[in-house]
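A.B. asks: Quick one: structure below, then a few questions.
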Amino acid sequence: MPTRDEILDIHNMCACSHTRMAARAVTRFYDEALRPSGLKGTQFVLLAAIEAGEATSITDLAELIDIERTTLVRNLQLLRKEGLVSPLKGLNGRRKPALTPKGQDALEAALPLWRSAQGEIEGRLGFGSWQVTRRRLGDLRKAVS
C-alpha cells in the first residue's frame, strides 16, 4: 500500500496530472469563449488545421495536430454530420478532408472569438510568459515522444 507521502507526490508532482488539469481548464476557457459560434475549442482547432491545407491525408492531419487517427476520424465524422467538412480525394487516392462553405463560414465567425480568448490568455500570463510556456509545452511533448 502506498504511503500518504507517495500519494501526495502523485498529486503534487505528476506531470500527467498537472498537464491534464491544465488542458481541461484551457479547453473549458476556449469552449466558453467560442460558445457564440457554436464551435468547441477542439472543433475550431481542427477546422483551422484543415483549412491551413498542410496535411495531404487524414493520417498527415492526425500527425499535424498530434491526435490518434481513430479519434480524428470520429471527430471528422461529427463535423461532416454538421455539414462543416467534406472529404476530398488527395494525392494518390488518399482521403483529404476539406471545409465546406458552411465550415469556412463557421471558422470565419469563430476567429474573432478565438483571437479575443487568445489575447486574454496572453494578457493574463503576459506575452513573454506565454511564449515561454508554449516552448516548454513543446519541450514536454518532445521529451515524452
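Letters A, B, ... mark the chains of the C-alpha cells in the order given; residue numbers begin at 1 per chain; ligand numbers begin at 1, in order shown.
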Which residues in range 84-132 of chain A does DSSP call strand (DSSP E or B)? List them as a ChimeraX atom specification.
C.D. replies: /A:85-89,95-99
A.B. asks: Next, dump the selected residues to file, keeping only N, CA and C atoms, as a PDB file, in the first residue's frame.
C.D. replies:
ATOM      1  N   VAL A  85     -17.428  19.809 -42.877  1.00  0.00           N
ATOM      2  CA  VAL A  85     -16.275  19.183 -43.534  1.00  0.00           C
ATOM      3  C   VAL A  85     -16.784  18.195 -44.572  1.00  0.00           C
ATOM      4  N   SER A  86     -16.101  18.151 -45.704  1.00  0.00           N
ATOM      5  CA  SER A  86     -16.405  17.134 -46.715  1.00  0.00           C
ATOM      6  C   SER A  86     -15.105  16.480 -47.147  1.00  0.00           C
ATOM      7  N   PRO A  87     -15.106  15.161 -47.352  1.00  0.00           N
ATOM      8  CA  PRO A  87     -13.873  14.502 -47.778  1.00  0.00           C
ATOM      9  C   PRO A  87     -13.602  14.779 -49.253  1.00  0.00           C
ATOM     10  N   LEU A  88     -12.364  14.964 -49.578  1.00  0.00           N
ATOM     11  CA  LEU A  88     -11.927  15.108 -50.961  1.00  0.00           C
ATOM     12  C   LEU A  88     -10.837  14.095 -51.219  1.00  0.00           C
ATOM     13  N   LYS A  89     -10.645  13.772 -52.455  1.00  0.00           N
ATOM     14  CA  LYS A  89      -9.517  12.912 -52.795  1.00  0.00           C
ATOM     15  C   LYS A  89      -8.250  13.737 -52.751  1.00  0.00           C
ATOM     16  N   ARG A  95      -7.611  10.028 -48.734  1.00  0.00           N
ATOM     17  CA  ARG A  95      -8.678  10.961 -48.380  1.00  0.00           C
ATOM     18  C   ARG A  95      -8.085  12.198 -47.721  1.00  0.00           C
ATOM     19  N   LYS A  96      -8.548  13.337 -48.185  1.00  0.00           N
ATOM     20  CA  LYS A  96      -8.100  14.611 -47.624  1.00  0.00           C
ATOM     21  C   LYS A  96      -9.341  15.426 -47.273  1.00  0.00           C
ATOM     22  N   PRO A  97      -9.559  15.687 -45.986  1.00  0.00           N
ATOM     23  CA  PRO A  97     -10.735  16.475 -45.628  1.00  0.00           C
ATOM     24  C   PRO A  97     -10.577  17.929 -46.057  1.00  0.00           C
ATOM     25  N   ALA A  98     -11.707  18.558 -46.313  1.00  0.00           N
ATOM     26  CA  ALA A  98     -11.724  19.977 -46.672  1.00  0.00           C
ATOM     27  C   ALA A  98     -12.950  20.609 -46.031  1.00  0.00           C
ATOM     28  N   LEU A  99     -12.873  21.894 -45.791  1.00  0.00           N
ATOM     29  CA  LEU A  99     -14.021  22.598 -45.240  1.00  0.00           C
ATOM     30  C   LEU A  99     -15.048  22.845 -46.334  1.00  0.00           C
TER      31      LEU A  99
END
A.B. asks: Which neighbours of range 61-65 of chain A fall inside 10 Å, counting only C-alpha atoms, when residues of the same chain fewer than 3 positions from it are skipped, and could you give them as a list in words?
C.D. replies: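 What passes the distance filter is Val45, Leu46, Ala49, Ile50, Gly53, Glu54, Ala55, Thr56, Ser57, Ile58, Glu68, Arg69, Thr70, Thr71, Leu72, Val73, Lys96 and Pro97 of chain A.
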A.B. asks: Return as a ChimeraX atom specification the full set of residues in range 57-122 of chain A whose backbone-based DSSP assignment is alpha helix (DSSP H).
C.D. replies: /A:58-64,69-81,101-122
A.B. asks: At a cut-off of 12 Å, using only C-alpha atoms, what residues contact range 23-30 of chain A? Leave out same-chain residues fewer than 2 positions from it and give the result as a PDB file with N, CA and C atoms, in the first residue's frame.
C.D. replies:
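Output file result39.pdb follows:
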ATOM      1  N   ALA A  15       3.440  14.815 -13.742  1.00  0.00           N
ATOM      2  CA  ALA A  15       3.343  15.586 -14.981  1.00  0.00           C
ATOM      3  C   ALA A  15       2.027  15.297 -15.695  1.00  0.00           C
ATOM      4  N   CYS A  16       1.610  14.049 -15.687  1.00  0.00           N
ATOM      5  CA  CYS A  16       0.349  13.686 -16.337  1.00  0.00           C
ATOM      6  C   CYS A  16      -0.817  14.415 -15.682  1.00  0.00           C
ATOM      7  N   SER A  17      -0.874  14.366 -14.374  1.00  0.00           N
ATOM      8  CA  SER A  17      -1.966  15.009 -13.645  1.00  0.00           C
ATOM      9  C   SER A  17      -2.004  16.513 -13.900  1.00  0.00           C
ATOM     10  N   HIS A  18      -0.868  17.157 -13.805  1.00  0.00           N
ATOM     11  CA  HIS A  18      -0.831  18.618 -13.960  1.00  0.00           C
ATOM     12  C   HIS A  18      -1.118  19.056 -15.393  1.00  0.00           C
ATOM     13  N   THR A  19      -0.599  18.339 -16.375  1.00  0.00           N
ATOM     14  CA  THR A  19      -0.869  18.739 -17.758  1.00  0.00           C
ATOM     15  C   THR A  19      -2.330  18.484 -18.115  1.00  0.00           C
ATOM     16  N   ARG A  20      -2.909  17.405 -17.608  1.00  0.00           N
ATOM     17  CA  ARG A  20      -4.323  17.129 -17.883  1.00  0.00           C
ATOM     18  C   ARG A  20      -5.220  18.172 -17.215  1.00  0.00           C
ATOM     19  N   MET A  21      -4.894  18.560 -15.984  1.00  0.00           N
ATOM     20  CA  MET A  21      -5.690  19.602 -15.319  1.00  0.00           C
ATOM     21  C   MET A  21      -5.606  20.913 -16.097  1.00  0.00           C
ATOM     22  N   GLU A  32     -15.923  28.089 -23.714  1.00  0.00           N
ATOM     23  CA  GLU A  32     -16.799  29.186 -23.294  1.00  0.00           C
ATOM     24  C   GLU A  32     -16.634  30.390 -24.223  1.00  0.00           C
ATOM     25  N   ALA A  33     -15.419  30.722 -24.574  1.00  0.00           N
ATOM     26  CA  ALA A  33     -15.170  31.869 -25.455  1.00  0.00           C
ATOM     27  C   ALA A  33     -15.782  31.656 -26.838  1.00  0.00           C
ATOM     28  N   LEU A  34     -15.734  30.423 -27.327  1.00  0.00           N
ATOM     29  CA  LEU A  34     -16.232  30.121 -28.673  1.00  0.00           C
ATOM     30  C   LEU A  34     -17.717  29.783 -28.705  1.00  0.00           C
ATOM     31  N   ARG A  35     -18.347  29.677 -27.541  1.00  0.00           N
ATOM     32  CA  ARG A  35     -19.753  29.262 -27.463  1.00  0.00           C
ATOM     33  C   ARG A  35     -20.665  30.018 -28.435  1.00  0.00           C
ATOM     34  N   PRO A  36     -20.547  31.355 -28.573  1.00  0.00           N
ATOM     35  CA  PRO A  36     -21.447  32.058 -29.502  1.00  0.00           C
ATOM     36  C   PRO A  36     -21.341  31.569 -30.951  1.00  0.00           C
ATOM     37  N   SER A  37     -20.216  30.975 -31.313  1.00  0.00           N
ATOM     38  CA  SER A  37     -20.030  30.485 -32.683  1.00  0.00           C
ATOM     39  C   SER A  37     -20.642  29.104 -32.889  1.00  0.00           C
ATOM     40  N   GLY A  38     -20.954  28.422 -31.787  1.00  0.00           N
ATOM     41  CA  GLY A  38     -21.465  27.058 -31.893  1.00  0.00           C
ATOM     42  C   GLY A  38     -20.373  26.013 -31.985  1.00  0.00           C
ATOM     43  N   LEU A  39     -19.119  26.440 -31.966  1.00  0.00           N
ATOM     44  CA  LEU A  39     -17.996  25.506 -32.031  1.00  0.00           C
ATOM     45  C   LEU A  39     -17.376  25.329 -30.656  1.00  0.00           C
ATOM     46  N   LYS A  40     -16.811  24.166 -30.445  1.00  0.00           N
ATOM     47  CA  LYS A  40     -15.972  23.922 -29.275  1.00  0.00           C
ATOM     48  C   LYS A  40     -14.525  24.206 -29.687  1.00  0.00           C
ATOM     49  N   GLY A  41     -13.664  24.380 -28.699  1.00  0.00           N
ATOM     50  CA  GLY A  41     -12.262  24.659 -28.994  1.00  0.00           C
ATOM     51  C   GLY A  41     -11.623  23.587 -29.852  1.00  0.00           C
ATOM     52  N   THR A  42     -11.915  22.334 -29.557  1.00  0.00           N
ATOM     53  CA  THR A  42     -11.329  21.234 -30.332  1.00  0.00           C
ATOM     54  C   THR A  42     -11.793  21.274 -31.781  1.00  0.00           C
ATOM     55  N   GLN A  43     -13.062  21.632 -32.004  1.00  0.00           N
ATOM     56  CA  GLN A  43     -13.573  21.725 -33.368  1.00  0.00           C
ATOM     57  C   GLN A  43     -12.923  22.887 -34.112  1.00  0.00           C
ATOM     58  N   PHE A  44     -12.768  24.008 -33.425  1.00  0.00           N
ATOM     59  CA  PHE A  44     -12.141  25.174 -34.039  1.00  0.00           C
ATOM     60  C   PHE A  44     -10.720  24.852 -34.492  1.00  0.00           C
ATOM     61  N   VAL A  45      -9.948  24.216 -33.601  1.00  0.00           N
ATOM     62  CA  VAL A  45      -8.562  23.866 -33.929  1.00  0.00           C
ATOM     63  C   VAL A  45      -8.524  22.919 -35.123  1.00  0.00           C
ATOM     64  N   ALA A 110     -15.915  32.204 -35.912  1.00  0.00           N
ATOM     65  CA  ALA A 110     -15.267  31.887 -34.632  1.00  0.00           C
ATOM     66  C   ALA A 110     -13.926  32.592 -34.463  1.00  0.00           C
ATOM     67  N   LEU A 111     -13.302  32.984 -35.554  1.00  0.00           N
ATOM     68  CA  LEU A 111     -11.954  33.548 -35.482  1.00  0.00           C
ATOM     69  C   LEU A 111     -11.844  34.766 -34.558  1.00  0.00           C
ATOM     70  N   LEU A 113     -13.621  35.456 -31.982  1.00  0.00           N
ATOM     71  CA  LEU A 113     -13.798  34.951 -30.618  1.00  0.00           C
ATOM     72  C   LEU A 113     -12.515  34.285 -30.137  1.00  0.00           C
ATOM     73  N   TRP A 114     -11.883  33.509 -31.031  1.00  0.00           N
ATOM     74  CA  TRP A 114     -10.613  32.863 -30.685  1.00  0.00           C
ATOM     75  C   TRP A 114      -9.546  33.927 -30.418  1.00  0.00           C
ATOM     76  N   ARG A 115      -9.474  34.935 -31.295  1.00  0.00           N
ATOM     77  CA  ARG A 115      -8.469  36.000 -31.102  1.00  0.00           C
ATOM     78  C   ARG A 115      -8.640  36.677 -29.747  1.00  0.00           C
ATOM     79  N   SER A 116      -9.878  36.928 -29.387  1.00  0.00           N
ATOM     80  CA  SER A 116     -10.151  37.561 -28.097  1.00  0.00           C
ATOM     81  C   SER A 116      -9.712  36.658 -26.946  1.00  0.00           C
ATOM     82  N   ALA A 117     -10.040  35.371 -27.031  1.00  0.00           N
ATOM     83  CA  ALA A 117      -9.648  34.421 -25.980  1.00  0.00           C
ATOM     84  C   ALA A 117      -8.135  34.297 -25.903  1.00  0.00           C
ATOM     85  N   GLN A 118      -7.490  34.199 -27.054  1.00  0.00           N
ATOM     86  CA  GLN A 118      -6.035  34.086 -27.085  1.00  0.00           C
ATOM     87  C   GLN A 118      -5.393  35.331 -26.485  1.00  0.00           C
ATOM     88  N   GLY A 119      -5.926  36.491 -26.843  1.00  0.00           N
ATOM     89  CA  GLY A 119      -5.413  37.738 -26.284  1.00  0.00           C
ATOM     90  C   GLY A 119      -5.605  37.816 -24.778  1.00  0.00           C
ATOM     91  N   GLU A 120      -6.726  37.280 -24.304  1.00  0.00           N
ATOM     92  CA  GLU A 120      -6.972  37.295 -22.864  1.00  0.00           C
ATOM     93  C   GLU A 120      -5.972  36.403 -22.130  1.00  0.00           C
ATOM     94  N   ILE A 121      -5.694  35.231 -22.688  1.00  0.00           N
ATOM     95  CA  ILE A 121      -4.702  34.345 -22.064  1.00  0.00           C
ATOM     96  C   ILE A 121      -3.333  35.016 -22.054  1.00  0.00           C
ATOM     97  N   LEU A 137       5.928  23.635 -23.210  1.00  0.00           N
ATOM     98  CA  LEU A 137       4.979  22.572 -23.556  1.00  0.00           C
ATOM     99  C   LEU A 137       5.495  21.766 -24.747  1.00  0.00           C
TER     100      LEU A 137
END
A.B. asks: Quick one: distance from CA of Gly103 in chain A to CA of Glu51 in chain A in Å, one decimal?
C.D. replies: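 CA of Gly103 in chain A sits 9.3 Å away from CA of Glu51 in chain A.
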A.B. asks: Which residue, A:Gln131, A:Gly126, A:Leu47, A:His11, has the smallest gap to Asn75 in chain A when you use only C-alpha atoms?
C.D. replies: A:Leu47
A.B. asks: In Å, with one decimal, what is the gap from CA of Glu82 in chain A to CA of Lys102 in chain A?
C.D. replies: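 Interatomic distance, CA of Glu82 in chain A to CA of Lys102 in chain A: 9.0 Å.
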